[in-house]
>>> print(open('work_18.cif').read())   # mmCIF, N, CA and C atoms
data_upload
#
loop_
_atom_site.label_atom_id
_atom_site.label_comp_id
_atom_site.auth_asym_id
_atom_site.auth_seq_id
_atom_site.Cartn_x
_atom_site.Cartn_y
_atom_site.Cartn_z
N MET A 11 33.17 37.74 27.69
CA MET A 11 34.33 38.56 27.38
C MET A 11 35.26 38.62 28.57
N ALA A 12 34.68 38.72 29.76
CA ALA A 12 35.52 38.83 30.95
C ALA A 12 36.25 37.53 31.25
N PHE A 13 35.59 36.40 31.11
CA PHE A 13 36.19 35.12 31.46
C PHE A 13 37.13 34.59 30.38
N LEU A 14 36.83 34.87 29.15
CA LEU A 14 37.63 34.34 28.05
C LEU A 14 38.61 35.35 27.46
N LYS A 15 38.60 36.55 28.03
CA LYS A 15 39.44 37.64 27.51
C LYS A 15 39.18 37.86 26.02
N ALA A 16 37.91 37.76 25.64
CA ALA A 16 37.50 37.94 24.25
C ALA A 16 37.43 39.42 23.92
N GLU A 17 37.46 39.69 22.65
CA GLU A 17 37.39 41.06 22.16
C GLU A 17 36.15 41.20 21.29
N LEU A 18 35.37 42.24 21.53
CA LEU A 18 34.19 42.52 20.73
C LEU A 18 34.64 43.26 19.48
N LYS A 19 34.28 42.73 18.32
CA LYS A 19 34.74 43.29 17.05
C LYS A 19 33.58 43.29 16.07
N SER A 20 33.51 44.30 15.22
CA SER A 20 32.43 44.36 14.24
C SER A 20 32.60 43.25 13.21
N GLY A 21 31.50 42.84 12.62
CA GLY A 21 31.52 41.77 11.63
C GLY A 21 32.38 42.10 10.43
N ILE A 22 32.25 43.31 9.90
CA ILE A 22 33.01 43.65 8.70
C ILE A 22 34.50 43.70 9.01
N GLU A 23 34.88 44.16 10.19
CA GLU A 23 36.30 44.18 10.55
C GLU A 23 36.85 42.76 10.61
N THR A 24 36.07 41.85 11.15
CA THR A 24 36.50 40.45 11.23
C THR A 24 36.68 39.87 9.84
N VAL A 25 35.73 40.10 8.96
CA VAL A 25 35.81 39.58 7.60
C VAL A 25 37.00 40.19 6.86
N LEU A 26 37.18 41.51 6.97
CA LEU A 26 38.31 42.16 6.29
C LEU A 26 39.64 41.62 6.79
N ASP A 27 39.73 41.35 8.09
CA ASP A 27 40.95 40.75 8.64
C ASP A 27 41.14 39.34 8.10
N MET A 28 40.07 38.57 8.04
CA MET A 28 40.16 37.18 7.58
C MET A 28 40.65 37.08 6.13
N VAL A 29 40.25 38.04 5.30
CA VAL A 29 40.65 38.00 3.89
C VAL A 29 41.91 38.83 3.62
N HIS A 30 42.52 39.33 4.69
CA HIS A 30 43.76 40.12 4.59
C HIS A 30 43.57 41.33 3.67
N PHE A 31 42.46 42.02 3.86
CA PHE A 31 42.09 43.13 3.00
C PHE A 31 43.16 44.23 2.97
N SER A 32 43.68 44.59 4.13
CA SER A 32 44.66 45.68 4.18
C SER A 32 45.90 45.36 3.35
N GLU A 33 46.34 44.11 3.38
CA GLU A 33 47.51 43.72 2.57
C GLU A 33 47.17 43.77 1.07
N LYS A 34 45.93 43.47 0.74
CA LYS A 34 45.53 43.46 -0.67
C LYS A 34 45.43 44.87 -1.24
N LEU A 35 45.48 45.87 -0.39
CA LEU A 35 45.41 47.26 -0.86
C LEU A 35 46.75 47.75 -1.42
N LYS A 36 47.81 47.03 -1.18
CA LYS A 36 49.13 47.45 -1.67
C LYS A 36 49.12 47.53 -3.20
N GLY A 37 49.50 48.69 -3.72
CA GLY A 37 49.55 48.90 -5.16
C GLY A 37 48.21 49.25 -5.80
N VAL A 38 47.17 49.40 -4.99
CA VAL A 38 45.83 49.71 -5.50
C VAL A 38 45.64 51.22 -5.58
N ASP A 39 45.03 51.69 -6.65
CA ASP A 39 44.78 53.12 -6.83
C ASP A 39 43.36 53.53 -6.48
N LEU A 40 42.40 52.60 -6.59
CA LEU A 40 41.00 52.91 -6.35
C LEU A 40 40.29 51.63 -5.92
N VAL A 41 39.38 51.76 -4.95
CA VAL A 41 38.56 50.63 -4.51
C VAL A 41 37.10 50.97 -4.79
N ILE A 42 36.40 50.00 -5.39
CA ILE A 42 34.97 50.16 -5.65
C ILE A 42 34.23 49.13 -4.79
N THR A 43 33.29 49.62 -3.99
CA THR A 43 32.48 48.74 -3.15
C THR A 43 31.02 49.01 -3.48
N GLY A 44 30.12 48.41 -2.76
CA GLY A 44 28.72 48.64 -3.06
C GLY A 44 27.80 48.14 -1.97
N GLU A 45 26.53 48.45 -2.17
CA GLU A 45 25.49 48.05 -1.24
C GLU A 45 24.15 48.18 -1.97
N GLY A 46 23.18 47.40 -1.54
CA GLY A 46 21.87 47.48 -2.17
C GLY A 46 21.26 48.87 -2.06
N ARG A 47 21.10 49.32 -0.84
CA ARG A 47 20.60 50.67 -0.59
C ARG A 47 21.47 51.31 0.47
N MET A 48 21.92 52.51 0.21
CA MET A 48 22.76 53.21 1.17
C MET A 48 21.89 54.22 1.93
N ASP A 49 22.01 54.16 3.27
CA ASP A 49 21.27 55.09 4.12
C ASP A 49 22.12 55.39 5.35
N TRP A 50 21.52 55.96 6.38
CA TRP A 50 22.25 56.37 7.58
C TRP A 50 22.91 55.17 8.27
N GLN A 51 22.37 53.99 8.11
CA GLN A 51 22.95 52.81 8.75
C GLN A 51 24.22 52.31 8.05
N SER A 52 24.42 52.72 6.81
CA SER A 52 25.56 52.24 6.04
C SER A 52 26.90 52.63 6.68
N SER A 53 26.91 53.70 7.42
CA SER A 53 28.16 54.15 8.06
C SER A 53 28.35 53.52 9.44
N MET A 54 27.48 52.61 9.81
CA MET A 54 27.53 52.04 11.16
C MET A 54 27.95 50.57 11.14
N GLY A 55 29.10 50.28 10.56
CA GLY A 55 29.64 48.94 10.59
C GLY A 55 29.24 48.04 9.44
N LYS A 56 28.62 48.60 8.43
CA LYS A 56 28.29 47.78 7.26
C LYS A 56 29.50 47.73 6.32
N VAL A 57 29.39 46.94 5.28
CA VAL A 57 30.52 46.72 4.37
C VAL A 57 31.13 48.02 3.83
N PRO A 58 30.34 48.94 3.27
CA PRO A 58 30.97 50.15 2.72
C PRO A 58 31.76 50.96 3.76
N SER A 59 31.26 51.01 4.99
CA SER A 59 31.99 51.78 6.00
C SER A 59 33.29 51.09 6.39
N GLY A 60 33.27 49.78 6.51
CA GLY A 60 34.50 49.05 6.84
C GLY A 60 35.54 49.19 5.76
N ILE A 61 35.12 49.03 4.52
CA ILE A 61 36.04 49.18 3.39
C ILE A 61 36.52 50.62 3.29
N GLY A 62 35.59 51.57 3.44
CA GLY A 62 35.97 52.98 3.37
C GLY A 62 37.01 53.37 4.40
N LEU A 63 36.83 52.92 5.63
CA LEU A 63 37.79 53.25 6.69
C LEU A 63 39.16 52.65 6.43
N ARG A 64 39.19 51.41 5.97
CA ARG A 64 40.48 50.77 5.65
C ARG A 64 41.18 51.53 4.52
N CYS A 65 40.42 51.91 3.51
CA CYS A 65 41.00 52.65 2.40
C CYS A 65 41.47 54.03 2.84
N LYS A 66 40.69 54.67 3.67
CA LYS A 66 41.04 56.00 4.18
C LYS A 66 42.38 55.94 4.93
N ARG A 67 42.54 54.91 5.78
CA ARG A 67 43.80 54.75 6.52
C ARG A 67 44.98 54.49 5.59
N ALA A 68 44.70 53.83 4.46
CA ALA A 68 45.76 53.51 3.50
C ALA A 68 45.99 54.63 2.50
N GLY A 69 45.15 55.67 2.54
CA GLY A 69 45.30 56.77 1.60
C GLY A 69 44.84 56.43 0.19
N ILE A 70 43.89 55.51 0.09
CA ILE A 70 43.37 55.08 -1.21
C ILE A 70 41.91 55.50 -1.32
N PRO A 71 41.54 56.18 -2.40
CA PRO A 71 40.13 56.57 -2.54
C PRO A 71 39.24 55.35 -2.73
N ALA A 72 38.05 55.43 -2.15
CA ALA A 72 37.05 54.37 -2.28
C ALA A 72 35.74 55.00 -2.72
N VAL A 73 35.06 54.34 -3.63
CA VAL A 73 33.77 54.79 -4.14
C VAL A 73 32.78 53.64 -4.03
N ALA A 74 31.50 53.97 -4.11
CA ALA A 74 30.48 52.94 -3.96
C ALA A 74 29.46 53.02 -5.10
N VAL A 75 29.06 51.85 -5.56
CA VAL A 75 27.96 51.72 -6.51
C VAL A 75 26.82 51.08 -5.72
N VAL A 76 25.67 51.75 -5.71
CA VAL A 76 24.55 51.28 -4.89
C VAL A 76 23.26 51.25 -5.71
N GLY A 77 22.34 50.42 -5.25
CA GLY A 77 21.05 50.32 -5.93
C GLY A 77 20.21 51.57 -5.72
N GLY A 78 20.29 52.16 -4.54
CA GLY A 78 19.49 53.35 -4.24
C GLY A 78 20.03 54.09 -3.04
N LEU A 79 19.55 55.30 -2.87
CA LEU A 79 19.95 56.16 -1.76
C LEU A 79 18.74 56.50 -0.91
N LEU A 80 18.90 56.42 0.38
CA LEU A 80 17.84 56.80 1.31
C LEU A 80 18.38 57.85 2.28
N ASP A 81 17.50 58.38 3.12
CA ASP A 81 17.87 59.44 4.06
C ASP A 81 19.14 59.11 4.84
N GLY A 82 20.01 60.09 4.92
CA GLY A 82 21.21 59.97 5.74
C GLY A 82 22.37 59.26 5.09
N TYR A 83 22.27 58.95 3.81
CA TYR A 83 23.37 58.25 3.14
C TYR A 83 24.67 59.05 3.19
N GLN A 84 24.55 60.37 3.31
CA GLN A 84 25.73 61.24 3.27
C GLN A 84 26.73 60.93 4.39
N SER A 85 26.30 60.28 5.45
CA SER A 85 27.21 59.96 6.55
C SER A 85 28.33 59.03 6.11
N ILE A 86 28.15 58.34 4.99
CA ILE A 86 29.19 57.43 4.50
C ILE A 86 30.44 58.18 4.07
N TYR A 87 30.29 59.45 3.71
CA TYR A 87 31.45 60.24 3.29
C TYR A 87 32.46 60.42 4.43
N GLN A 88 32.01 60.40 5.65
CA GLN A 88 32.91 60.51 6.80
C GLN A 88 33.68 59.21 7.04
N MET A 89 33.26 58.15 6.39
CA MET A 89 33.88 56.84 6.59
C MET A 89 34.88 56.49 5.49
N GLY A 90 35.24 57.45 4.66
CA GLY A 90 36.26 57.21 3.64
C GLY A 90 35.72 56.95 2.24
N ILE A 91 34.42 56.91 2.08
CA ILE A 91 33.86 56.76 0.74
C ILE A 91 33.82 58.15 0.10
N CYS A 92 34.44 58.28 -1.07
CA CYS A 92 34.57 59.60 -1.72
C CYS A 92 33.38 59.97 -2.58
N SER A 93 32.73 58.96 -3.16
CA SER A 93 31.62 59.22 -4.06
C SER A 93 30.68 58.01 -4.08
N VAL A 94 29.41 58.28 -4.35
CA VAL A 94 28.40 57.23 -4.42
C VAL A 94 27.64 57.41 -5.73
N VAL A 95 27.54 56.32 -6.50
CA VAL A 95 26.81 56.33 -7.76
C VAL A 95 25.69 55.30 -7.66
N THR A 96 24.50 55.69 -8.08
CA THR A 96 23.37 54.75 -8.04
C THR A 96 23.24 54.02 -9.37
N THR A 97 22.72 52.81 -9.28
CA THR A 97 22.48 52.04 -10.49
C THR A 97 21.22 52.51 -11.20
N VAL A 98 20.23 52.91 -10.43
CA VAL A 98 18.96 53.32 -11.01
C VAL A 98 19.17 54.66 -11.71
N ASN A 99 18.88 54.69 -12.99
CA ASN A 99 19.16 55.90 -13.78
C ASN A 99 17.89 56.58 -14.28
N GLY A 100 16.77 56.27 -13.65
CA GLY A 100 15.51 56.89 -14.01
C GLY A 100 14.42 56.39 -13.08
N ILE A 101 13.21 56.86 -13.29
CA ILE A 101 12.09 56.43 -12.47
C ILE A 101 11.72 55.01 -12.89
N MET A 102 11.75 54.09 -11.91
CA MET A 102 11.38 52.71 -12.20
C MET A 102 10.97 51.99 -10.93
N LYS A 103 10.20 50.96 -11.09
CA LYS A 103 9.79 50.12 -9.97
C LYS A 103 10.98 49.26 -9.53
N SER A 104 10.99 48.88 -8.26
CA SER A 104 12.05 48.02 -7.74
C SER A 104 12.15 46.73 -8.54
N GLU A 105 11.01 46.16 -8.91
CA GLU A 105 11.00 44.91 -9.67
C GLU A 105 11.71 45.08 -11.01
N ASP A 106 11.46 46.22 -11.66
CA ASP A 106 12.11 46.49 -12.94
C ASP A 106 13.61 46.66 -12.77
N ALA A 107 14.02 47.34 -11.70
CA ALA A 107 15.44 47.52 -11.42
C ALA A 107 16.12 46.18 -11.19
N MET A 108 15.45 45.29 -10.48
CA MET A 108 16.02 43.96 -10.22
C MET A 108 16.15 43.16 -11.52
N GLU A 109 15.16 43.25 -12.37
CA GLU A 109 15.20 42.54 -13.65
C GLU A 109 16.31 43.06 -14.55
N GLN A 110 16.61 44.34 -14.45
CA GLN A 110 17.62 44.97 -15.29
C GLN A 110 18.94 45.19 -14.54
N ALA A 111 19.13 44.50 -13.43
CA ALA A 111 20.28 44.76 -12.55
C ALA A 111 21.62 44.72 -13.28
N GLU A 112 21.85 43.72 -14.09
CA GLU A 112 23.15 43.62 -14.76
C GLU A 112 23.41 44.83 -15.65
N LYS A 113 22.43 45.18 -16.45
CA LYS A 113 22.56 46.34 -17.34
C LYS A 113 22.75 47.62 -16.54
N LEU A 114 21.98 47.79 -15.48
CA LEU A 114 22.07 48.99 -14.66
C LEU A 114 23.42 49.10 -13.95
N TYR A 115 23.94 47.97 -13.46
CA TYR A 115 25.25 48.00 -12.80
C TYR A 115 26.36 48.32 -13.79
N LYS A 116 26.28 47.77 -14.99
CA LYS A 116 27.28 48.09 -16.01
C LYS A 116 27.25 49.57 -16.35
N ASP A 117 26.05 50.12 -16.49
CA ASP A 117 25.91 51.55 -16.79
C ASP A 117 26.45 52.40 -15.65
N ALA A 118 26.15 52.03 -14.42
CA ALA A 118 26.65 52.78 -13.26
C ALA A 118 28.17 52.72 -13.20
N ALA A 119 28.74 51.55 -13.45
CA ALA A 119 30.20 51.41 -13.46
C ALA A 119 30.82 52.28 -14.55
N PHE A 120 30.18 52.31 -15.71
CA PHE A 120 30.66 53.16 -16.81
C PHE A 120 30.66 54.63 -16.40
N ARG A 121 29.54 55.09 -15.81
CA ARG A 121 29.45 56.49 -15.39
C ARG A 121 30.50 56.80 -14.32
N LEU A 122 30.68 55.88 -13.39
CA LEU A 122 31.66 56.07 -12.33
C LEU A 122 33.07 56.18 -12.90
N LEU A 123 33.41 55.28 -13.79
CA LEU A 123 34.76 55.29 -14.34
C LEU A 123 34.99 56.47 -15.28
N CYS A 124 33.94 56.97 -15.91
CA CYS A 124 34.06 58.23 -16.68
C CYS A 124 34.41 59.38 -15.75
N ALA A 125 33.80 59.41 -14.58
CA ALA A 125 34.11 60.46 -13.60
C ALA A 125 35.54 60.32 -13.08
N VAL A 126 35.98 59.09 -12.86
CA VAL A 126 37.36 58.85 -12.43
C VAL A 126 38.33 59.33 -13.50
N LYS A 127 38.04 59.00 -14.75
CA LYS A 127 38.90 59.43 -15.86
C LYS A 127 38.96 60.95 -15.91
N CYS A 128 37.84 61.60 -15.73
CA CYS A 128 37.80 63.06 -15.72
C CYS A 128 38.70 63.61 -14.61
N GLY A 129 38.60 63.01 -13.44
CA GLY A 129 39.45 63.44 -12.33
C GLY A 129 40.93 63.25 -12.62
N MET A 130 41.27 62.17 -13.28
CA MET A 130 42.67 61.90 -13.63
C MET A 130 43.19 62.95 -14.63
N GLU A 131 42.32 63.34 -15.55
CA GLU A 131 42.71 64.33 -16.55
C GLU A 131 42.86 65.72 -15.95
N MET A 132 42.27 65.97 -14.80
CA MET A 132 42.37 67.28 -14.15
C MET A 132 43.73 67.49 -13.51
N LYS A 133 44.44 66.42 -13.22
CA LYS A 133 45.73 66.55 -12.53
C LYS A 133 46.81 67.10 -13.41
#
>>> encode(input="work_18.cif", output="structure tokens")
Amino acid sequence: MAFLKAELKSGIETVLDMVHFSEKLKGVDLVITGEGRMDWQSSMGKVPSGIGLRCKRAGIPAVAVVGGLLDGYQSIYQMGICSVVTTVNGIMKSEDAMEQAEKLYKDAAFRLLCAVKCGMEMK
């Protein structure tokens, strides 16, 4: 860094810059992101935190659909993620959740968008 005048940057920030994410937010009302399992590490430079921070700076709400929640997931709310919805909708083994992933993600997206619609109707 000293010899090449390089800059240390997080991976997600680099990727978001490469895909011009901030410019793609123009005209967007809501961003949906996701992660396999959200925990305390999710707010430390992982995809949801990078997306959440960019959306927060742009004044756009961001929500996440995740496979599961573990201890400390709440820290993601400080990173601009407004709500987190899990795909797993009952007691099940990880293997069963993986086999039913498409169905579970569609159901989670439906529940999430029902909540968004409810919020829109409150205004």
>>> atom_distance(input="work_18.cif", atom1="atom CA of A:Tyr87", atom2="atom N of A:Phe31")
21.3 Å
>>> select_by_dssp(input="work_18.cif", residues="chain A", states="helix (DSSP H, G or I)", output="MDAnalysis selection string")
chainID A and resid 21:28 31:34 50:53 57:68 83:89 104:109 111:132
>>> resolve_selection(input="work_18.cif", expression="the PyMOL selection byres ((chain A and resi 53) around 8)", output="VMD selection string")
chain A and resid 48 to 52 54 to 60 82 to 89
>>> write_last_selection(input="work_18.cif", atoms="N, CA and C atoms", output="PDB file, in the coordinates of the input")
ATOM      1  N   MET A  48      21.920  52.510   0.210  1.00  0.00           N
ATOM      2  CA  MET A  48      22.760  53.210   1.170  1.00  0.00           C
ATOM      3  C   MET A  48      21.890  54.220   1.930  1.00  0.00           C
ATOM      4  N   ASP A  49      22.010  54.160   3.270  1.00  0.00           N
ATOM      5  CA  ASP A  49      21.270  55.090   4.120  1.00  0.00           C
ATOM      6  C   ASP A  49      22.120  55.390   5.350  1.00  0.00           C
ATOM      7  N   TRP A  50      21.520  55.960   6.380  1.00  0.00           N
ATOM      8  CA  TRP A  50      22.250  56.370   7.580  1.00  0.00           C
ATOM      9  C   TRP A  50      22.910  55.170   8.270  1.00  0.00           C
ATOM     10  N   GLN A  51      22.370  53.990   8.110  1.00  0.00           N
ATOM     11  CA  GLN A  51      22.950  52.810   8.750  1.00  0.00           C
ATOM     12  C   GLN A  51      24.220  52.310   8.050  1.00  0.00           C
ATOM     13  N   SER A  52      24.420  52.720   6.810  1.00  0.00           N
ATOM     14  CA  SER A  52      25.560  52.240   6.040  1.00  0.00           C
ATOM     15  C   SER A  52      26.900  52.630   6.680  1.00  0.00           C
ATOM     16  N   MET A  54      27.480  52.610   9.810  1.00  0.00           N
ATOM     17  CA  MET A  54      27.530  52.040  11.160  1.00  0.00           C
ATOM     18  C   MET A  54      27.950  50.570  11.140  1.00  0.00           C
ATOM     19  N   GLY A  55      29.100  50.280  10.560  1.00  0.00           N
ATOM     20  CA  GLY A  55      29.640  48.940  10.590  1.00  0.00           C
ATOM     21  C   GLY A  55      29.240  48.040   9.440  1.00  0.00           C
ATOM     22  N   LYS A  56      28.620  48.600   8.430  1.00  0.00           N
ATOM     23  CA  LYS A  56      28.290  47.780   7.260  1.00  0.00           C
ATOM     24  C   LYS A  56      29.500  47.730   6.320  1.00  0.00           C
ATOM     25  N   VAL A  57      29.390  46.940   5.280  1.00  0.00           N
ATOM     26  CA  VAL A  57      30.520  46.720   4.370  1.00  0.00           C
ATOM     27  C   VAL A  57      31.130  48.020   3.830  1.00  0.00           C
ATOM     28  N   PRO A  58      30.340  48.940   3.270  1.00  0.00           N
ATOM     29  CA  PRO A  58      30.970  50.150   2.720  1.00  0.00           C
ATOM     30  C   PRO A  58      31.760  50.960   3.760  1.00  0.00           C
ATOM     31  N   SER A  59      31.260  51.010   4.990  1.00  0.00           N
ATOM     32  CA  SER A  59      31.990  51.780   6.000  1.00  0.00           C
ATOM     33  C   SER A  59      33.290  51.090   6.390  1.00  0.00           C
ATOM     34  N   GLY A  60      33.270  49.780   6.510  1.00  0.00           N
ATOM     35  CA  GLY A  60      34.500  49.050   6.840  1.00  0.00           C
ATOM     36  C   GLY A  60      35.540  49.190   5.760  1.00  0.00           C
ATOM     37  N   GLY A  82      20.010  60.090   4.920  1.00  0.00           N
ATOM     38  CA  GLY A  82      21.210  59.970   5.740  1.00  0.00           C
ATOM     39  C   GLY A  82      22.370  59.260   5.090  1.00  0.00           C
ATOM     40  N   TYR A  83      22.270  58.950   3.810  1.00  0.00           N
ATOM     41  CA  TYR A  83      23.370  58.250   3.140  1.00  0.00           C
ATOM     42  C   TYR A  83      24.670  59.050   3.190  1.00  0.00           C
ATOM     43  N   GLN A  84      24.550  60.370   3.310  1.00  0.00           N
ATOM     44  CA  GLN A  84      25.730  61.240   3.270  1.00  0.00           C
ATOM     45  C   GLN A  84      26.730  60.930   4.390  1.00  0.00           C
ATOM     46  N   SER A  85      26.300  60.280   5.450  1.00  0.00           N
ATOM     47  CA  SER A  85      27.210  59.960   6.550  1.00  0.00           C
ATOM     48  C   SER A  85      28.330  59.030   6.110  1.00  0.00           C
ATOM     49  N   ILE A  86      28.150  58.340   4.990  1.00  0.00           N
ATOM     50  CA  ILE A  86      29.190  57.430   4.500  1.00  0.00           C
ATOM     51  C   ILE A  86      30.440  58.180   4.070  1.00  0.00           C
ATOM     52  N   TYR A  87      30.290  59.450   3.710  1.00  0.00           N
ATOM     53  CA  TYR A  87      31.450  60.240   3.290  1.00  0.00           C
ATOM     54  C   TYR A  87      32.460  60.420   4.430  1.00  0.00           C
ATOM     55  N   GLN A  88      32.010  60.400   5.650  1.00  0.00           N
ATOM     56  CA  GLN A  88      32.910  60.510   6.800  1.00  0.00           C
ATOM     57  C   GLN A  88      33.680  59.210   7.040  1.00  0.00           C
ATOM     58  N   MET A  89      33.260  58.150   6.390  1.00  0.00           N
ATOM     59  CA  MET A  89      33.880  56.840   6.590  1.00  0.00           C
ATOM     60  C   MET A  89      34.880  56.490   5.490  1.00  0.00           C
TER      61      MET A  89
END
>>> closest_atom_pairs(input="work_18.cif", of="stretch 56-110 of chain A", to="stretch 125-130 of chain A", cutoff="12 Å", atoms="only C-alpha atoms", output="tab-separated table")
residue	atom	partner	partner_atom	distance
A:Pro71	CA	A:Val126	CA	10.5
A:Ala72	CA	A:Val126	CA	11.1
A:Val73	CA	A:Val126	CA	9.9
A:Cys92	CA	A:Val126	CA	11.1
A:Ser93	CA	A:Ala125	CA	9.9
A:Val94	CA	A:Ala125	CA	11.3
A:Val95	CA	A:Ala125	CA	10.2
>>> resolve_selection(input="work_18.cif", expression="the PyMOL selection byres ((chain A and resi 41) around 6.5)", output="list in words")
Val38, Asp39, Leu40, Ile42, Thr43, Ile70, Pro71, Ala72, Val73 and Ala74 of chain A
>>> closest_residue(input="work_18.cif", among="A:Lys103, A:Gly77, A:Cys65, A:Thr97", to="A:Lys116", atoms="all atoms listed in the file")
A:Thr97
>>> atom_distance(input="work_18.cif", atom1="atom CA of A:Ala119", atom2="atom CA of A:Met132")
20.0 Å
>>> residues_around(input="work_18.cif", residues="A:Gln110", least_positions_apart="5", cutoff="10 Å", atoms="only C-alpha atoms", output="list in words")
Thr97, Val98, Ser104, Glu105 and Tyr115 of chain A
>>> closest_residue(input="work_18.cif", among="A:Met108, A:Leu79, A:Leu114, A:Ile61", to="A:Leu26", atoms="only N, CA and C atoms")
A:Ile61
>>> select_by_dssp(input="work_18.cif", residues="chain A", states="strand (DSSP E or B)", output="short mmCIF file (atom, residue, chain, number, x, y, z; two decimals) with N, CA and C atoms, in the coordinates of the input")
data_model
loop_
_atom_site.label_atom_id
_atom_site.label_comp_id
_atom_site.auth_asym_id
_atom_site.auth_seq_id
_atom_site.Cartn_x
_atom_site.Cartn_y
_atom_site.Cartn_z
N VAL A 41 39.38 51.76 -4.95
CA VAL A 41 38.56 50.63 -4.51
C VAL A 41 37.10 50.97 -4.79
N ILE A 42 36.40 50.00 -5.39
CA ILE A 42 34.97 50.16 -5.65
C ILE A 42 34.23 49.13 -4.79
N THR A 43 33.29 49.62 -3.99
CA THR A 43 32.48 48.74 -3.15
C THR A 43 31.02 49.01 -3.48
N GLY A 44 30.12 48.41 -2.76
CA GLY A 44 28.72 48.64 -3.06
C GLY A 44 27.80 48.14 -1.97
N GLU A 45 26.53 48.45 -2.17
CA GLU A 45 25.49 48.05 -1.24
C GLU A 45 24.15 48.18 -1.97
N GLY A 46 23.18 47.40 -1.54
CA GLY A 46 21.87 47.48 -2.17
C GLY A 46 21.26 48.87 -2.06
N ARG A 47 21.10 49.32 -0.84
CA ARG A 47 20.60 50.67 -0.59
C ARG A 47 21.47 51.31 0.47
N MET A 48 21.92 52.51 0.21
CA MET A 48 22.76 53.21 1.17
C MET A 48 21.89 54.22 1.93
N ALA A 72 38.05 55.43 -2.15
CA ALA A 72 37.05 54.37 -2.28
C ALA A 72 35.74 55.00 -2.72
N VAL A 73 35.06 54.34 -3.63
CA VAL A 73 33.77 54.79 -4.14
C VAL A 73 32.78 53.64 -4.03
N ALA A 74 31.50 53.97 -4.11
CA ALA A 74 30.48 52.94 -3.96
C ALA A 74 29.46 53.02 -5.10
N VAL A 75 29.06 51.85 -5.56
CA VAL A 75 27.96 51.72 -6.51
C VAL A 75 26.82 51.08 -5.72
N VAL A 76 25.67 51.75 -5.71
CA VAL A 76 24.55 51.28 -4.89
C VAL A 76 23.26 51.25 -5.71
N GLY A 77 22.34 50.42 -5.25
CA GLY A 77 21.05 50.32 -5.93
C GLY A 77 20.21 51.57 -5.72
N GLY A 78 20.29 52.16 -4.54
CA GLY A 78 19.49 53.35 -4.24
C GLY A 78 20.03 54.09 -3.04
N LEU A 79 19.55 55.30 -2.87
CA LEU A 79 19.95 56.16 -1.76
C LEU A 79 18.74 56.50 -0.91
N ILE A 91 34.42 56.91 2.08
CA ILE A 91 33.86 56.76 0.74
C ILE A 91 33.82 58.15 0.10
N CYS A 92 34.44 58.28 -1.07
CA CYS A 92 34.57 59.60 -1.72
C CYS A 92 33.38 59.97 -2.58
N SER A 93 32.73 58.96 -3.16
CA SER A 93 31.62 59.22 -4.06
C SER A 93 30.68 58.01 -4.08
N VAL A 94 29.41 58.28 -4.35
CA VAL A 94 28.40 57.23 -4.42
C VAL A 94 27.64 57.41 -5.73
N VAL A 95 27.54 56.32 -6.50
CA VAL A 95 26.81 56.33 -7.76
C VAL A 95 25.69 55.30 -7.66
N THR A 96 24.50 55.69 -8.08
CA THR A 96 23.37 54.75 -8.04
C THR A 96 23.24 54.02 -9.37
#
>>> atom_distance(input="work_18.cif", atom1="atom CA of A:Glu112", atom2="atom CA of A:Gly46")
13.2 Å
